[in-house]
Structure formats: C-alpha cells, structure tokens
>>> print(open('run.cif').read())   # mmCIF, C-alpha atoms
data_model
#
loop_
_atom_site.label_atom_id
_atom_site.label_comp_id
_atom_site.auth_asym_id
_atom_site.auth_seq_id
_atom_site.Cartn_x
_atom_site.Cartn_y
_atom_site.Cartn_z
CA MET G 1 108.81 83.42 85.57
CA ARG G 2 111.71 85.17 83.93
CA LEU G 3 114.10 87.95 84.86
CA THR G 4 115.64 90.20 82.24
CA VAL G 5 118.47 92.46 83.27
CA ASP G 6 119.71 94.91 80.72
CA ALA G 7 122.81 97.11 81.04
CA LEU G 8 122.26 97.55 84.75
CA ALA G 9 124.49 99.99 86.61
CA ALA G 10 124.59 100.90 90.29
CA GLU G 11 126.06 103.62 92.45
CA ARG G 12 126.66 103.63 96.18
CA GLY G 13 127.47 106.95 97.80
CA GLY G 14 128.36 108.57 94.48
CA ARG G 15 130.78 105.78 93.53
CA THR G 16 130.02 103.48 90.61
CA VAL G 17 129.80 99.90 91.88
CA PHE G 18 129.17 98.10 88.60
CA THR G 19 128.01 98.93 85.09
CA GLY G 20 126.72 97.04 82.10
CA VAL G 21 125.38 93.97 83.86
CA SER G 22 123.09 92.06 81.50
CA PHE G 23 121.62 88.59 81.77
CA VAL G 24 118.40 86.65 81.37
CA ALA G 25 117.36 84.10 83.96
CA GLU G 26 114.56 81.64 83.26
CA ALA G 27 112.50 79.67 85.75
CA GLY G 28 114.31 76.58 87.02
CA THR G 29 117.70 78.28 86.96
CA LEU G 30 120.17 78.54 89.81
CA LEU G 31 122.03 81.79 89.31
CA ARG G 32 125.10 82.54 91.38
CA VAL G 33 126.33 86.09 91.62
CA SER G 34 130.06 86.07 92.17
CA GLY G 35 132.59 88.79 92.73
CA ALA G 36 135.11 90.12 95.21
CA ASN G 37 134.11 91.95 98.39
CA GLY G 38 132.63 95.29 97.42
CA ALA G 39 131.90 94.21 93.85
CA GLY G 40 128.22 94.96 94.39
CA LYS G 41 126.67 91.52 94.90
CA THR G 42 124.36 92.70 97.66
CA THR G 43 123.59 95.89 95.73
CA LEU G 44 122.56 93.82 92.71
CA LEU G 45 120.22 91.69 94.83
CA ARG G 46 118.77 94.79 96.46
CA ILE G 47 118.06 96.30 93.05
CA LEU G 48 116.45 93.06 91.85
CA SER G 49 114.24 92.96 94.94
CA GLY G 50 113.18 96.57 94.49
CA LEU G 51 114.91 97.83 97.64
CA ALA G 52 117.40 100.00 95.79
CA ALA G 53 117.21 101.90 92.53
CA ALA G 54 119.56 101.29 89.63
CA SER G 55 121.49 104.28 88.35
CA ASP G 56 121.10 103.03 84.79
CA GLY G 57 119.58 100.12 82.87
CA HIS G 58 116.57 97.94 83.69
CA ALA G 59 115.70 94.83 85.61
CA VAL G 60 112.30 93.47 84.58
CA TRP G 61 110.44 90.57 86.14
CA HIS G 62 108.04 88.65 83.92
CA GLY G 63 105.24 86.70 85.52
CA PRO G 64 103.44 83.84 83.79
CA GLU G 65 101.54 86.31 81.61
CA ALA G 66 102.73 89.88 81.96
CA PRO G 67 105.62 91.86 83.47
CA THR G 68 105.25 92.18 87.19
CA THR G 69 106.81 94.14 90.03
CA ALA G 70 109.76 93.00 92.09
CA ALA G 71 107.55 93.10 95.17
CA GLU G 72 105.30 90.44 93.73
CA ALA G 73 107.91 88.42 91.89
CA ALA G 74 110.71 88.02 94.41
CA CYS G 75 111.44 87.21 98.02
CA PHE G 76 114.65 88.69 99.38
CA VAL G 77 116.53 87.22 102.34
CA GLY G 78 119.49 89.39 103.21
CA HIS G 79 122.19 89.45 105.86
CA THR G 80 119.73 90.46 108.51
CA ASN G 81 116.99 88.13 109.64
CA ALA G 82 114.19 90.69 109.36
CA PHE G 83 112.61 89.33 112.54
CA ASN G 84 111.92 91.31 115.69
CA GLU G 85 113.51 89.89 118.83
CA ALA G 86 110.62 90.70 121.12
CA LEU G 87 108.10 88.76 119.04
CA THR G 88 107.73 85.01 118.71
CA VAL G 89 108.71 83.14 115.57
CA ARG G 90 105.06 82.69 114.68
CA GLU G 91 104.25 86.38 115.11
CA ASN G 92 107.23 87.35 112.99
CA LEU G 93 106.35 84.94 110.21
CA THR G 94 102.68 85.93 110.25
CA TYR G 95 103.75 89.54 109.84
CA ALA G 96 106.15 88.73 107.01
CA ALA G 97 103.52 86.67 105.20
CA ALA G 98 100.79 89.30 105.55
CA LEU G 99 103.08 92.06 104.26
CA ALA G 100 104.16 89.99 101.28
CA GLY G 101 100.53 89.21 100.46
CA LEU G 102 101.00 85.53 101.25
CA ASP G 103 99.01 83.01 103.21
CA SER G 104 99.57 83.86 106.88
CA SER G 105 97.43 81.03 108.24
CA VAL G 106 98.69 78.68 110.92
CA PRO G 107 99.13 75.66 108.57
CA ALA G 108 101.14 77.72 106.07
CA ILE G 109 103.52 78.88 108.78
CA GLU G 110 103.89 75.45 110.34
CA PHE G 111 104.55 73.97 106.91
CA ALA G 112 107.41 76.42 106.34
CA LEU G 113 108.93 75.87 109.77
CA THR G 114 108.66 72.08 109.49
CA ALA G 115 110.55 72.12 106.19
CA LEU G 116 113.46 73.82 107.93
CA GLY G 117 113.25 71.61 110.99
CA VAL G 118 112.37 74.39 113.42
CA LYS G 119 108.69 73.79 114.02
CA LEU G 120 109.26 73.37 117.75
CA LEU G 121 110.50 76.95 117.98
CA VAL G 122 107.23 78.40 116.73
CA ASN G 123 106.22 79.95 120.05
CA ARG G 124 109.69 80.98 121.21
CA ARG G 125 110.69 84.61 121.27
CA PHE G 126 113.05 85.26 118.41
CA GLY G 127 115.53 86.98 120.74
CA THR G 128 116.05 83.77 122.75
CA LEU G 129 117.21 81.71 119.75
CA SER G 130 120.77 80.92 118.69
CA GLN G 131 122.20 82.47 115.52
CA GLY G 132 121.71 79.28 113.51
CA GLN G 133 118.14 78.85 114.71
CA ARG G 134 117.42 82.47 113.85
CA LYS G 135 118.73 82.05 110.34
CA ARG G 136 116.62 78.94 109.83
CA CYS G 137 113.45 80.62 111.06
CA SER G 138 114.19 83.59 108.85
CA LEU G 139 114.70 81.32 105.83
CA ALA G 140 111.26 79.84 106.50
CA ARG G 141 109.93 83.02 104.88
CA LEU G 142 110.95 81.55 101.55
CA LEU G 143 108.69 78.57 101.96
CA LEU G 144 105.56 80.49 102.87
CA ASP G 145 104.31 80.55 99.31
CA ALA G 146 105.35 76.97 98.64
CA SER G 147 102.76 75.68 101.08
CA PRO G 148 99.93 73.66 99.51
CA GLY G 149 97.38 75.95 97.93
CA GLY G 150 99.71 78.95 98.02
CA PRO G 151 99.87 81.57 95.26
CA GLY G 152 102.34 81.52 92.37
CA ARG G 153 106.04 81.00 92.95
CA ARG G 154 108.31 83.87 93.72
CA ALA G 155 111.98 83.99 92.83
CA TRP G 156 114.34 83.59 95.77
CA LEU G 157 117.00 86.25 96.20
CA LEU G 158 119.45 84.98 98.80
CA ASP G 159 122.31 87.08 100.06
CA GLU G 160 124.88 84.78 101.68
CA PRO G 161 122.28 82.25 102.82
CA PHE G 162 124.83 79.74 104.14
CA VAL G 163 126.43 82.08 106.68
CA ALA G 164 125.89 81.02 110.32
CA LEU G 165 124.48 77.64 109.31
CA ASP G 166 126.05 74.37 110.45
CA VAL G 167 127.02 71.75 107.87
CA ASP G 168 123.79 69.77 108.26
CA THR G 169 121.63 72.85 107.79
CA GLN G 170 123.70 73.95 104.83
CA SER G 171 122.92 70.69 103.05
CA GLN G 172 119.28 70.97 104.15
CA LEU G 173 119.07 74.43 102.61
CA ALA G 174 120.85 73.19 99.48
CA ALA G 175 118.22 70.44 99.21
CA LEU G 176 115.41 73.00 99.62
CA ILE G 177 116.93 75.12 96.86
CA SER G 178 117.18 72.05 94.60
CA ALA G 179 113.55 71.17 95.28
CA GLU G 180 112.50 74.73 94.51
CA LEU G 181 114.40 74.68 91.22
CA ALA G 182 112.92 71.33 90.26
CA ALA G 183 109.46 72.76 90.95
CA GLY G 184 110.10 75.60 88.52
CA GLY G 185 111.45 78.29 90.84
CA LEU G 186 114.22 80.74 90.18
CA VAL G 187 116.99 81.13 92.74
CA ILE G 188 119.57 83.90 92.65
CA TYR G 189 122.19 83.81 95.39
CA THR G 190 125.56 85.03 96.48
CA SER G 191 127.90 82.90 98.52
CA HIS G 192 131.50 82.81 99.62
CA GLN G 193 131.12 79.21 100.69
CA ALA G 194 131.33 76.38 98.21
CA VAL G 195 128.15 74.49 98.94
CA ALA G 196 127.11 71.90 96.41
CA ILE G 197 123.59 72.55 95.16
CA ASP G 198 121.97 70.04 92.87
CA ALA G 199 120.58 71.95 89.89
CA ALA G 200 119.79 71.18 86.26
CA ASN G 201 120.48 74.71 84.98
CA THR G 202 123.15 76.82 86.56
CA GLN G 203 124.32 80.23 85.54
CA GLU G 204 126.92 82.58 86.93
CA VAL G 205 127.08 86.34 86.82
CA ALA G 206 130.48 87.76 87.65
CA LEU G 207 130.61 91.36 88.87
CA MET L 208 91.69 92.29 100.78
CA SER L 209 95.40 91.80 100.98
CA LEU L 210 95.85 95.52 101.65
CA ARG L 211 93.60 95.05 104.64
CA SER L 212 95.50 92.03 105.91
CA ALA L 213 98.83 93.82 105.42
CA THR L 214 97.78 96.98 107.24
CA SER L 215 96.11 95.04 110.03
CA ALA L 216 99.27 92.95 110.43
CA VAL L 217 101.32 96.14 110.78
CA PHE L 218 98.82 97.58 113.25
CA ARG L 219 98.71 94.42 115.34
CA ARG L 220 102.48 94.00 115.42
CA GLU L 221 102.95 97.56 116.62
CA LEU L 222 100.51 97.01 119.49
CA GLN L 223 102.11 93.65 120.33
CA LEU L 224 105.52 95.30 120.55
CA PHE L 225 104.13 98.15 122.60
CA ALA L 226 102.53 95.75 125.05
CA ARG L 227 105.51 93.43 125.26
CA ARG L 228 108.27 95.91 125.86
CA LYS L 229 107.62 97.84 129.01
CA SER L 230 110.19 100.49 128.17
CA ASP L 231 108.14 101.49 125.12
CA TRP L 232 105.32 102.88 127.18
CA ALA L 233 107.04 103.32 130.54
CA ASN L 234 109.78 105.66 129.26
CA PRO L 235 107.47 108.30 127.79
CA LEU L 236 105.20 108.14 130.83
CA MET L 237 108.12 108.46 133.26
CA PHE L 238 109.49 111.38 131.28
CA PHE L 239 106.06 113.02 131.34
CA LEU L 240 105.83 112.46 135.09
CA ILE L 241 109.27 113.96 135.72
CA VAL L 242 108.57 117.10 133.68
CA CYS L 243 105.16 117.66 135.28
CA SER L 244 106.26 116.99 138.84
CA LEU L 245 109.37 119.19 138.83
CA PHE L 246 107.72 122.43 137.74
CA PRO L 247 105.48 122.98 140.78
CA PHE L 248 108.56 122.78 143.04
CA ALA L 249 110.40 125.37 140.97
CA VAL L 250 107.46 127.74 140.51
CA GLY L 251 106.07 127.69 144.05
CA SER L 252 102.63 126.99 145.38
CA GLU L 253 100.79 130.16 144.38
CA SER L 254 97.75 128.53 142.80
CA GLU L 255 96.81 131.16 140.16
CA LYS L 256 100.31 131.19 138.72
CA LEU L 257 100.46 127.39 138.86
CA LYS L 258 97.24 127.03 136.93
CA LEU L 259 98.43 129.21 134.05
CA ILE L 260 101.83 127.55 133.88
CA GLY L 261 100.40 124.07 134.39
CA ILE L 262 98.46 124.03 131.15
CA GLY L 263 101.56 124.86 129.13
CA VAL L 264 103.86 122.54 131.05
CA ILE L 265 101.54 119.55 130.77
CA PHE L 266 101.01 120.06 127.08
CA VAL L 267 104.69 120.55 126.28
CA GLY L 268 105.57 117.58 128.49
CA ALA L 269 103.13 115.34 126.62
CA LEU L 270 104.48 116.41 123.23
CA LEU L 271 108.10 115.85 124.26
CA ALA L 272 107.21 112.49 125.77
CA ALA L 273 105.52 111.44 122.52
CA MET L 274 108.58 112.55 120.62
CA LEU L 275 110.69 110.08 122.59
CA SER L 276 108.87 107.33 120.74
CA LEU L 277 109.66 108.62 117.26
CA PRO L 278 112.96 106.77 116.77
CA ARG L 279 111.25 103.45 117.41
CA LEU L 280 109.04 103.94 114.36
CA PHE L 281 111.71 102.83 111.89
CA ASP L 282 115.14 102.65 113.56
CA GLU L 283 114.79 99.28 115.19
CA ASP L 284 113.27 97.78 112.06
CA ALA L 285 116.12 99.15 110.00
CA ARG L 286 118.61 97.51 112.35
CA ASP L 287 117.05 94.05 112.39
CA GLY L 288 116.11 94.17 108.71
CA SER L 289 112.35 93.93 109.11
CA LEU L 290 112.00 97.33 107.47
CA GLU L 291 112.82 95.48 104.24
CA LEU L 292 109.59 93.52 104.65
CA MET L 293 107.65 96.76 104.55
CA LEU L 294 109.68 98.16 101.66
CA THR L 295 109.33 95.04 99.52
CA SER L 296 105.62 94.62 100.21
CA PRO L 297 103.38 94.87 97.14
CA GLU L 298 101.05 97.11 99.18
CA PRO L 299 101.53 100.90 99.15
CA LEU L 300 104.15 101.92 101.67
CA ALA L 301 102.17 104.99 102.75
CA ALA L 302 99.27 102.79 103.87
CA LEU L 303 101.62 100.59 105.91
CA ILE L 304 103.23 103.63 107.54
CA LEU L 305 99.79 105.04 108.31
CA ALA L 306 98.79 101.77 109.99
CA ARG L 307 101.95 101.84 112.03
CA VAL L 308 101.60 105.46 113.15
CA ALA L 309 97.92 104.88 113.88
CA ALA L 310 98.73 101.98 116.22
CA LEU L 311 101.44 103.94 118.00
CA SER L 312 99.21 107.04 118.26
CA LEU L 313 96.43 104.98 119.73
CA ALA L 314 98.63 103.31 122.32
CA LEU L 315 100.70 106.35 123.22
CA GLY L 316 97.87 108.87 122.89
CA VAL L 317 95.61 106.92 125.22
CA ALA L 318 98.43 106.33 127.72
CA LEU L 319 99.45 110.00 127.85
CA ALA L 320 95.88 111.29 127.87
CA ALA L 321 94.99 108.90 130.70
CA VAL L 322 97.64 110.30 133.03
CA THR L 323 97.11 113.94 132.03
CA PRO L 324 94.21 114.56 134.47
CA VAL L 325 96.33 113.13 137.30
CA PHE L 326 99.18 115.49 136.51
CA ALA L 327 96.66 118.34 136.28
CA LEU L 328 96.10 117.87 140.02
CA PHE L 329 99.71 118.98 140.65
CA TYR L 330 98.72 122.36 139.25
CA ALA L 331 95.34 122.62 141.01
CA LEU L 332 93.54 122.66 137.66
CA PRO L 333 89.75 122.16 137.75
CA TYR L 334 88.33 118.92 136.37
CA ASP L 335 86.89 120.43 133.21
CA VAL L 336 90.24 122.00 132.29
CA ALA L 337 92.00 118.71 133.00
CA GLY L 338 89.53 116.90 130.76
CA MET L 339 90.03 119.40 127.97
CA LEU L 340 93.80 119.00 128.29
CA ALA L 341 93.49 115.22 128.08
CA LEU L 342 91.30 115.51 124.98
CA ASN L 343 93.83 117.82 123.34
CA VAL L 344 96.72 115.54 124.21
CA LEU L 345 94.80 112.70 122.59
CA MET L 346 94.41 114.79 119.42
CA ALA L 347 97.92 116.24 119.42
CA VAL L 348 99.80 112.94 119.74
CA PRO L 349 98.67 111.61 116.32
CA THR L 350 99.51 114.95 114.69
CA LEU L 351 102.96 114.94 116.23
CA LEU L 352 103.66 111.32 115.33
CA LEU L 353 102.41 111.82 111.77
CA VAL L 354 104.61 114.86 111.23
CA GLY L 355 107.42 113.12 113.08
CA SER L 356 107.20 110.06 110.87
CA ILE L 357 108.55 112.13 107.99
CA ALA L 358 111.59 113.18 109.98
CA ALA L 359 112.04 109.68 111.40
CA ALA L 360 111.90 108.25 107.89
CA LEU L 361 114.43 110.75 106.57
CA LEU L 362 116.83 110.12 109.42
CA VAL L 363 116.37 106.39 109.72
CA SER L 364 119.50 104.81 111.21
CA ALA L 365 121.35 108.14 111.05
CA ARG L 366 123.73 108.92 113.89
CA GLY L 367 122.32 111.42 116.33
CA GLY L 368 119.01 111.08 114.53
CA ALA L 369 116.93 111.47 117.68
CA ILE L 370 117.98 115.06 118.34
CA LEU L 371 117.80 116.01 114.68
CA THR L 372 114.31 114.51 114.51
CA ALA L 373 113.24 116.71 117.39
CA VAL L 374 114.75 119.79 115.72
CA LEU L 375 112.86 119.05 112.52
CA VAL L 376 109.56 118.17 114.15
CA LEU L 377 109.15 120.67 116.98
CA PRO L 378 108.68 123.80 114.84
CA LEU L 379 105.96 122.04 112.86
CA THR L 380 104.04 121.17 116.00
CA ILE L 381 103.79 124.75 117.26
CA PRO L 382 100.23 125.23 115.90
CA THR L 383 99.15 122.07 117.72
CA LEU L 384 100.73 123.39 120.89
CA ILE L 385 99.11 126.81 120.59
CA PHE L 386 95.62 125.50 119.93
CA GLY L 387 95.87 122.74 122.51
CA ALA L 388 96.99 125.03 125.29
CA SER L 389 94.58 127.82 124.40
CA ALA L 390 91.61 125.41 124.31
CA ALA L 391 92.39 124.51 127.92
CA LEU L 392 92.85 128.20 128.82
CA LYS L 393 89.45 129.01 127.32
CA VAL L 394 87.86 126.38 129.53
CA LEU L 395 89.72 127.81 132.53
CA TYR L 396 88.23 131.25 131.76
CA GLY L 397 84.79 129.74 131.19
CA GLU L 398 84.67 130.35 127.45
CA SER L 399 83.90 127.94 124.62
CA PRO L 400 86.96 126.10 123.20
CA ALA L 401 85.09 125.09 120.02
CA ALA L 402 87.26 127.10 117.61
CA GLU L 403 90.53 125.75 119.03
CA LEU L 404 89.23 122.19 118.95
CA ALA L 405 88.13 122.56 115.35
CA LEU L 406 91.54 123.89 114.35
CA GLN L 407 93.27 121.14 116.30
CA ALA L 408 91.19 118.55 114.47
CA ALA L 409 91.89 120.27 111.14
CA PHE L 410 95.63 120.00 111.72
CA MET L 411 95.26 116.34 112.60
CA LEU L 412 93.32 115.64 109.41
CA LEU L 413 95.79 117.58 107.30
CA ALA L 414 98.66 115.59 108.77
CA LEU L 415 96.68 112.39 108.25
CA ALA L 416 96.26 113.14 104.57
CA LEU L 417 99.77 114.35 103.73
CA CYS L 418 102.29 112.90 106.14
CA PRO L 419 102.12 109.17 105.29
CA LEU L 420 102.79 109.96 101.62
CA ALA L 421 105.73 112.20 102.49
CA ALA L 422 107.08 109.67 104.99
CA ALA L 423 106.88 106.87 102.41
CA ALA L 424 108.82 108.96 99.90
CA ALA L 425 111.38 109.89 102.56
CA LEU L 426 111.81 106.29 103.64
CA LYS L 427 112.44 105.18 100.08
CA ILE L 428 115.09 107.85 99.63
CA SER L 429 116.87 107.19 102.89
CA THR L 430 117.01 103.40 102.51
CA ASP L 431 118.05 103.38 98.89
#
>>> encode(input="run.cif", output="structure tokens")
Amino acid sequence: MRLTVDALAAERGGRTVFTGVSFVAEAGTLLRVSGANGAGKTTLLRILSGLAAASDGHAVWHGPEAPTTAAEAACFVGHTNAFNEALTVRENLTYAAALAGLDSSVPAIEFALTALGVKLLVNRRFGTLSQGQRKRCSLARLLLDASPGGPGRRAWLLDEPFVALDVDTQSQLAALISAELAAGGLVIYTSHQAVAIDAANTQEVAL
Amino acid sequence: MSLRSATSAVFRRELQLFARRKSDWANPLMFFLIVCSLFPFAVGSESEKLKLIGIGVIFVGALLAAMLSLPRLFDEDARDGSLELMLTSPEPLAALILARVAALSLALGVALAAVTPVFALFYALPYDVAGMLALNVLMAVPTLLLVGSIAAALLVSARGGAILTAVLVLPLTIPTLIFGASAALKVLYGESPAAELALQAAFMLLALALCPLAAAAALKISTD
C-alpha cells in the first residue's frame, strides 16, 4: 500500500487552509502530521479519507496492484467516536464493520475488543461508558480488518488518537500502532501529545 | 454481497434505534393524536361537517407527524460522527440512504397507519374510509421521507434546520396530500379511488427512484 499526495490544497469556508502539500508514504511508515491549531491537520486527514474534497492537487491510494479508493484503502478515526449511544458496543461495531465491507462476525469483533482490553464491555450500551472506554471501543474499529482471515490491510488515519486516554491506554495504543507498522500497515496521525511510538520508518509532514 | 450486508446493517440499525428509543416513535404518535383530537372540539359535533374535515385533518396530521422524524435521519449521526461511517463506506451512498429511509418509512408508516383508523372514529368516518386513509398514510409516509431526506441531507447539522426542512419539503408533498385525501373522499362518496391510488403509487415510485441519489449528492456537499 502506498499513498501519493501531490500539490494538495484545501479550503475551508472560502479560506485557503494549506497549499502545495506533497509527500509519498509507503507501507510500514508512521507519518505524523504536525502544525499549529488551524493549520489544517484534520482537513488533510479528511481529504485523505475521502470525507472532504481537495481544492487542488491529488491524493492517490495505491493498493497491492492498482490504485484504489480512499474508502477501501483507509480507516479514519476522528475526534468523534462514530458510535451511537443507544446501541451496544457490539451493535455499533457490527454496523461499522458491515459499512466498511469488513468481517462483522462475532469473532472478528471480539478479537478487536480484546486487543484494546474492552471485551467485557461488548454488550454495554455505548452511552453508559466513560470517555476513555468510549475512545477505546471506537479505536477497536481499526482492528476489525486485522482479525485472522480478514481482508487486506487498510491505512489508519488517526486524528488526535491519544486524547481522553489514560497513560496506560496511550502506551497500549502506541504498541498497537507499532504492531500494525511492523505488519506492513501505514499509519498517519496527528497528535499534540508526545507519545513515544516504536517505528522503523517515521516521516513528518508539517503544515 | 457486501452491498447487501452494508444495506442490511443500515436497515437493521435504524429499526434497532427506533425500537430502543421510545421518543422516536412516541413523539410522532403523540403529535398525531393531539392534532386529531383537538379538531373535533373546535369544529363541533355536526357529523357531516366532521367527516369532510376529518379526512383532511388526519392526513395532514400524519404528514406533519412523519416530518417530525426527518431531523433524526442524519442530524444525530452527524453529531456523534457515525455519519462518517456511511460517507467513507465503499458502497454507494444512495443505496445506504435508501436502506435507512426504507427502515424508517416501514416503522413510522406502519405505526401511523395503525392508529389512523382509531383517529377516524373521532370524526365518525365509516370503516371503509378509515381503511382507505390508513392505506394512503402508509403510501404517503415513504414519499414524504424520501423527499424529506434531500432537505435533511442539505441541512444536516444546520441551526434551525428542522423548520427549514419543513419549509422545503411541504410544498413538494402537496400532490401526495391531494391524492391521499381525495382517495378517501371518493370512498366516502361511494366511488372508486383507483385513479388516486395509482397516482399516489406513481409519486412514491418516482421519489424512490430519484430522491436517494439527490440526497446522497446533497449529503456529500453539506458535509464537505
């Protein structure tokens, strides 16, 4: 998997946020997007995930063989948890997996929740969980395709993933990211916190 | 295959939410009850007048009650972020929206149509007219929600979106209203309502074919 970004520019509400962003990210790379508040970090991730359109330039995802769409190449976890409070963790994850075209079977979901240490919450309503628990359950979306027998890897696009996590969970997430990179994944993230992530290839894009 | 699993997941989730949150189905039904029960007091008990007014009041009440549910199509998902799951799905957005509207139409349409014959008693309407009204409510709710999904998509998470949605949607539902009410009137006068029913169904099919595509385009624009 490879991401090629060429002279990308973005506008928000008629105002230019950034222009001329170019980089190439290969599989196995940890790419940190840095920049001041309002520099367009979230906007860049939204463009890469296909949620927003670029005002100029291209961002192209390459699969193992041919170029592919952002919807099939990337998994975006933003500020919001993307879970409904009235549904249980399992129902939310099943929904997320089915929409993303991933394995929504019970073992796949339990695998993802176990990796984040929240398997016991599987039948709890999302609205009854604490902020940290919510974030962990939401991050379990990333691991849906990593379950045994799952489809090809998707790049992780993480917007401030360490917010609302306690120190233990931060290091747990850092370890998950390292494992993903070692397995040939591509992780692009923004963070204001300095969390050490073990990675062979790191790259930084400054906005 | 994965299109089917994605659309069935959307359909199932919508029904789960509808069943789990009582306000989702109780609010439209309560609103419908209030509208239908107040009119007979204001109009008086003269049964011929009541019958004529009743058909219109019940139909308008059902449409307005269904409209109350429009903001929940996308607004809540936009707030908690789960709308992003739909937008980043590899499956066509229009199909996902159609699944969602279909689930809501089924739940809400059946609920409103089920109470319609009861409310028809307030207006001393005969059983066959009440049945025809219920059938038309069942057909009008999907049309309204399909047309409304475009407005709801355009105004997702906009301030004061609910009123603006109603302003955008109501004029487009006038044909549905006319044919629905006149089908019931025909039955009241002992004539055949076949033409009105056919037109009602035609509007539903037209909305079914066009609205999900328009709503998908609108949703992409408004969330960009």
>>> residues_around(input="run.cif", residues="L:Ile385", least_positions_apart="2", cutoff="10 Å", atoms="only C-alpha atoms", output="MDAnalysis selection string")
chainID L and resid 263 266 380:383 387:390 403 407
>>> residues_near_point(input="run.cif", point="(95.2, 95.9, 106.1)", cutoff="12 Å", atoms="all atoms listed in the file", output="VMD selection string")
(chain G and resid 95 98 to 101) or (chain L and resid 208 to 220 298 to 307)
>>> closest_residue(input="run.cif", among="L:Leu292, L:Cys418, L:Ala272, L:Met237", to="chain G", atoms="all atoms listed in the file")
L:Leu292
>>> atom_distance(input="run.cif", atom1="atom CA of L:Pro247", atom2="atom CA of L:Leu395")
18.4 Å
>>> resolve_selection(input="run.cif", expression="the PyMOL selection byres ((chain G) within 7 of (chain L))", output="ChimeraX atom specification")
/G:50-53,71-72,80-84,86,95-96,98-101
>>> atom_distance(input="run.cif", atom1="atom CA of L:Ile260", atom2="atom CA of L:Ser312")
25.9 Å
>>> closest_residue(input="run.cif", among="G:Lys135, G:Arg141, G:His58, G:Arg32", to="G:Gln203", atoms="all atoms listed in the file")
G:Arg32
>>> closest_atom_pairs(input="run.cif", of="stretch 65-109 of chain G", to="stretch 186-201 of chain G", cutoff="10 Å", atoms="all atoms listed in the file", output="tab-separated table")
residue	atom	partner	partner_atom	distance
G:Ala74	CA	G:Leu186	CA	9.1
G:Cys75	CA	G:Val187	CA	9.8
G:Phe76	CA	G:Ile188	CA	9.6
G:Val77	CA	G:Tyr189	CA	9.6
G:Gly78	CA	G:Tyr189	CA	10.0
>>> closest_residue(input="run.cif", among="G:Gly57, G:Gly28, G:Pro161, G:Pro107", to="G:Thr42", atoms="only C-alpha atoms")
G:Pro161
>>> closest_residue(input="run.cif", among="G:Ala54, G:Glu85, G:Leu165, G:Val17", to="G:Asn37", atoms="only C-alpha atoms")
G:Val17
>>> atom_distance(input="run.cif", atom1="atom CA of G:Arg15", atom2="atom CA of G:Thr69")
26.9 Å
>>> axis_aligned_box(input="run.cif", around="stretch 259-273 of chain L", padding_each_side="3 Å", output="lines of an AutoDock Vina configuration file")
center_x = 103.3
center_y = 120.3
center_z = 128.5
size_x = 15.7
size_y = 23.8
size_z = 17.9
>>> residues_around(input="run.cif", residues="stretch 239-241 of chain L", least_positions_apart="3", cutoff="8 Å", atoms="all atoms listed in the file", output="list in words")
Pro235, Leu236, Ser244, Leu245, Ile265, Gly268, Ala269, Leu271, Ala272 and Phe326 of chain L
